[in-house]
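A.B. asks: To be precise about what I am sending: the file is called input_18.pdb and holds PDB, C-alpha atoms.
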ATOM      1  CA  MET A 196      28.513  -1.419  -2.089
ATOM      2  CA  ASP A 197      26.967   1.412  -4.091
ATOM      3  CA  PHE A 198      24.431   3.600  -2.290
ATOM      4  CA  GLU A 199      23.098   5.775  -5.083
ATOM      5  CA  PHE A 200      20.022   7.780  -4.204
ATOM      6  CA  SER A 201      17.295   8.706  -6.650
ATOM      7  CA  TRP A 202      14.257  10.829  -5.860
ATOM      8  CA  VAL A 203      12.392   9.071  -8.651
ATOM      9  CA  THR A 204      13.053   5.679  -7.036
ATOM     10  CA  PHE A 205      12.161   7.117  -3.618
ATOM     11  CA  PHE A 206       8.763   8.344  -4.849
ATOM     12  CA  LEU A 207       8.091   5.180  -6.868
ATOM     13  CA  ILE A 208       8.714   3.079  -3.763
ATOM     14  CA  MET A 209       6.506   5.394  -1.716
ATOM     15  CA  ILE A 210       3.689   5.109  -4.273
ATOM     16  CA  ALA A 211       4.137   1.342  -4.586
ATOM     17  CA  MET A 212       4.002   0.887  -0.819
ATOM     18  CA  ALA A 213       0.929   3.107  -0.597
ATOM     19  CA  LEU A 214      -0.684   0.931  -3.254
ATOM     20  CA  ALA A 215       0.359  -2.196  -1.357
ATOM     21  CA  ASP A 216      -1.326  -0.890   1.784
ATOM     22  CA  VAL A 217      -4.453  -0.002  -0.162
ATOM     23  CA  CYS A 218      -4.433  -3.630  -1.308
ATOM     24  CA  TRP A 219      -3.875  -4.895   2.251
ATOM     25  CA  THR A 220      -6.730  -2.789   3.604
ATOM     26  CA  LEU A 221      -9.133  -3.889   0.869
ATOM     27  CA  TYR A 222      -7.938  -7.480   1.356
ATOM     28  CA  PHE A 223      -8.900  -7.408   5.045
ATOM     29  CA  ILE A 224     -12.256  -5.814   4.248
ATOM     30  CA  ASP A 225     -13.010  -8.550   1.704
ATOM     31  CA  VAL A 226     -11.852 -11.316   4.055
ATOM     32  CA  GLU A 227     -14.103  -9.951   6.789
ATOM     33  CA  GLU A 228     -17.018  -9.901   4.355
ATOM     34  CA  ARG A 229     -16.172 -13.473   3.161
ATOM     35  CA  ARG A 230     -15.640 -12.490  -0.479
ATOM     36  CA  ALA A 231     -13.114 -15.149  -1.515
ATOM     37  CA  HIS A 232     -12.460 -14.069  -5.113
ATOM     38  CA  ALA A 233     -11.984 -10.403  -4.231
ATOM     39  CA  ALA A 234      -9.734 -11.241  -1.262
ATOM     40  CA  ALA A 235      -7.651 -13.571  -3.442
ATOM     41  CA  PHE A 236      -7.229 -10.805  -6.021
ATOM     42  CA  TRP A 237      -6.008  -8.339  -3.387
ATOM     43  CA  SER A 238      -3.672 -10.967  -1.966
ATOM     44  CA  ALA A 239      -2.058 -11.465  -5.384
ATOM     45  CA  MET A 240      -1.770  -7.692  -5.859
ATOM     46  CA  ILE A 241      -0.030  -7.389  -2.476
ATOM     47  CA  ILE A 242       2.661  -9.824  -3.604
ATOM     48  CA  LEU A 243       3.100  -8.097  -6.956
ATOM     49  CA  VAL A 244       3.434  -4.576  -5.573
ATOM     50  CA  THR A 245       5.486  -5.572  -2.525
ATOM     51  CA  ALA A 246       7.982  -7.447  -4.711
ATOM     52  CA  PHE A 247       8.852  -4.202  -6.507
ATOM     53  CA  THR A 248       9.199  -2.343  -3.220
ATOM     54  CA  VAL A 249      11.350  -4.900  -1.434
ATOM     55  CA  THR A 250      13.727  -5.452  -4.340
ATOM     56  CA  ASN A 251      14.433  -1.716  -4.365
ATOM     57  CA  TYR A 252      14.881  -0.942  -0.685
ATOM     58  CA  VAL A 253      17.019  -4.004  -0.027
ATOM     59  CA  GLU A 254      19.682  -2.359  -2.196
ATOM     60  CA  ASN A 255      19.569   0.990  -0.380
ATOM     61  CA  LYS A 256      18.241   1.217   3.166
ATOM     62  CA  ILE A 257      17.238   4.885   2.808
ATOM     63  CA  TYR A 258      14.322   3.718   0.696
ATOM     64  CA  ILE A 259      12.823   2.122   3.810
ATOM     65  CA  ALA A 260      11.722   5.669   4.686
ATOM     66  CA  ALA A 261       9.806   5.791   1.398
ATOM     67  CA  ALA A 262       8.182   2.449   2.202
ATOM     68  CA  PHE A 263       7.223   3.718   5.664
ATOM     69  CA  LEU A 264       5.636   6.909   4.318
ATOM     70  CA  GLY A 265       3.831   5.045   1.562
ATOM     71  CA  ALA A 266       2.480   2.402   3.940
ATOM     72  CA  TYR A 267       1.127   5.052   6.299
ATOM     73  CA  ALA A 268      -0.466   7.050   3.498
ATOM     74  CA  GLY A 269      -1.993   4.018   1.793
ATOM     75  CA  THR A 270      -3.748   2.713   4.866
ATOM     76  CA  TYR A 271      -4.821   6.155   6.090
ATOM     77  CA  VAL A 272      -6.316   7.187   2.749
ATOM     78  CA  THR A 273      -8.104   3.866   2.223
ATOM     79  CA  ILE A 274      -9.716   3.801   5.662
ATOM     80  CA  THR A 275     -10.711   7.467   5.397
ATOM     81  CA  TRP A 276     -12.263   6.772   1.968
ATOM     82  CA  LYS A 277     -14.076   3.666   3.283
ATOM     83  CA  LYS A 278     -15.525   5.626   6.226
ATOM     84  CA  LYS A 279     -16.822   8.337   3.859
ATOM     85  CA  VAL A 280     -18.442   5.735   1.611
ATOM     86  CA  GLU A 281     -20.104   4.030   4.595
ATOM     87  CA  SER A 282     -21.260   7.385   5.953
ATOM     88  CA  ARG A 283     -22.863   8.277   2.612
ATOM     89  CA  GLU A 284     -24.544   4.865   2.429
ATOM     90  CA  LYS A 285     -26.046   5.275   5.926
ATOM     91  CA  SER A 286     -27.331   8.784   5.281
ATOM     92  CA  GLY A 287     -28.555   8.199   1.764
TER      93      GLY A 287
END
Any chance you could put this one into structure tokens?

C.D. replies:
Amino acid sequence: MDFEFSWVTFFLIMIAMALADVCWTLYFIDVEERRAHAAAFWSAMIILVTAFTVTNYVENKIYIAAAFLGAYAGTYVTITWKKKVESREKSG
């Protein structure tokens, strides 16, 4: 078993997982608002982005850390952005 480590792969997985969590967050928002087409789009994007992530960290378990960091960042940034947008809409 070869456990090569690459910082490029680490950061690509982190970015991909952040993108996946952005998709998950937007998916749940669209499901809650009953927007079927938009939710279906985000669902398909989740599968696409997650497939890249999983196929990479299955080969080297250290990349799970990248997935963890990306997932946290993706959800945090998306919810923070959504709250700012809603705050602007209420005040403006």

A.B. asks: Give me the residues near Tyr222 of chain A as a list of chain:residue names, where near means some atom within 8 Å (using only C-alpha atoms) and where sequence neighbours in that chain fewer than 4 positions away do not count.

C.D. replies: A:Cys218, A:Val226, A:Ala233, A:Ala234, A:Ala235, A:Trp237, A:Ser238

A.B. asks: Please report as a Markdown table every residue of segment 198-220 of chain A lying within 8 Å of segment 254-263 of chain A, along with the nearest atom pair and their distance in Å (one decimal), using all atoms listed in the file.

C.D. replies:
| residue | atom | partner | partner_atom | distance |
| --- | --- | --- | --- | --- |
| A:Phe198 | CA | A:Asn255 | CA | 5.8 |
| A:Glu199 | CA | A:Asn255 | CA | 7.6 |
| A:Phe200 | CA | A:Asn255 | CA | 7.8 |
| A:Phe205 | CA | A:Ala261 | CA | 5.7 |
| A:Phe206 | CA | A:Ala261 | CA | 6.8 |
| A:Ile208 | CA | A:Ala261 | CA | 5.9 |
| A:Met209 | CA | A:Ala261 | CA | 4.6 |
| A:Ala211 | CA | A:Ala262 | CA | 8.0 |
| A:Met212 | CA | A:Ala262 | CA | 5.4 |
| A:Ala213 | CA | A:Ala262 | CA | 7.8 |

A.B. asks: Would you compute, for all listed atoms of segment 223-241 of chain A, the axis-aligned bounding box grown by 3 Å on each side, and then report its centre and edge lengths in Å rounded to one decimal, as lines of an AutoDock Vina configuration file?

C.D. replies:
center_x = -8.5
center_y = -10.5
center_z = 0.4
size_x = 23.0
size_y = 15.3
size_z = 18.8

A.B. asks: Please identify all polymer residues within 10 Å of segment 272-284 of chain A, counting only C-alpha atoms, omitting same-chain residues fewer than 6 positions from it, and present them as a ChimeraX atom specification.

C.D. replies: /A:213-214,216-221,224

A.B. asks: Counting only C-alpha atoms, figure out which residue out of A:Ser201, A:Thr250, A:Ser286, A:Thr245 gets nearest to Ala215 of chain A.

C.D. replies: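 Ranked by minimum distance to Ala215 of chain A, first place goes to A:Thr245.
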
A.B. asks: Between atom CA of Thr248 of chain A and atom CA of Phe236 of chain A, what is the distance in Å, rounded to a tenth?

C.D. replies: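 Atom-to-atom, atom CA of Thr248 of chain A to atom CA of Phe236 of chain A, that is 18.7 Å.
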
A.B. asks: State, in Å with one decimal place, the distance from atom CA of Tyr267 of chain A to atom CA of Glu227 of chain A.

C.D. replies: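 Atom CA of Glu227 of chain A lies 21.4 Å from atom CA of Tyr267 of chain A.
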
A.B. asks: Can you work out which one of A:Val203, A:Arg230, A:Phe223, A:Ile210 has the shortest atom-to-atom distance to Ala266 of chain A, counting only C-alpha atoms?

C.D. replies: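 Closest candidate: A:Ile210.
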
A.B. asks: Go ahead and compute the interatomic distance for atom CA of Glu228 of chain A and atom CA of Ala268 of chain A, in Å to one decimal.

C.D. replies: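 Between these atoms lies a distance of 23.7 Å.
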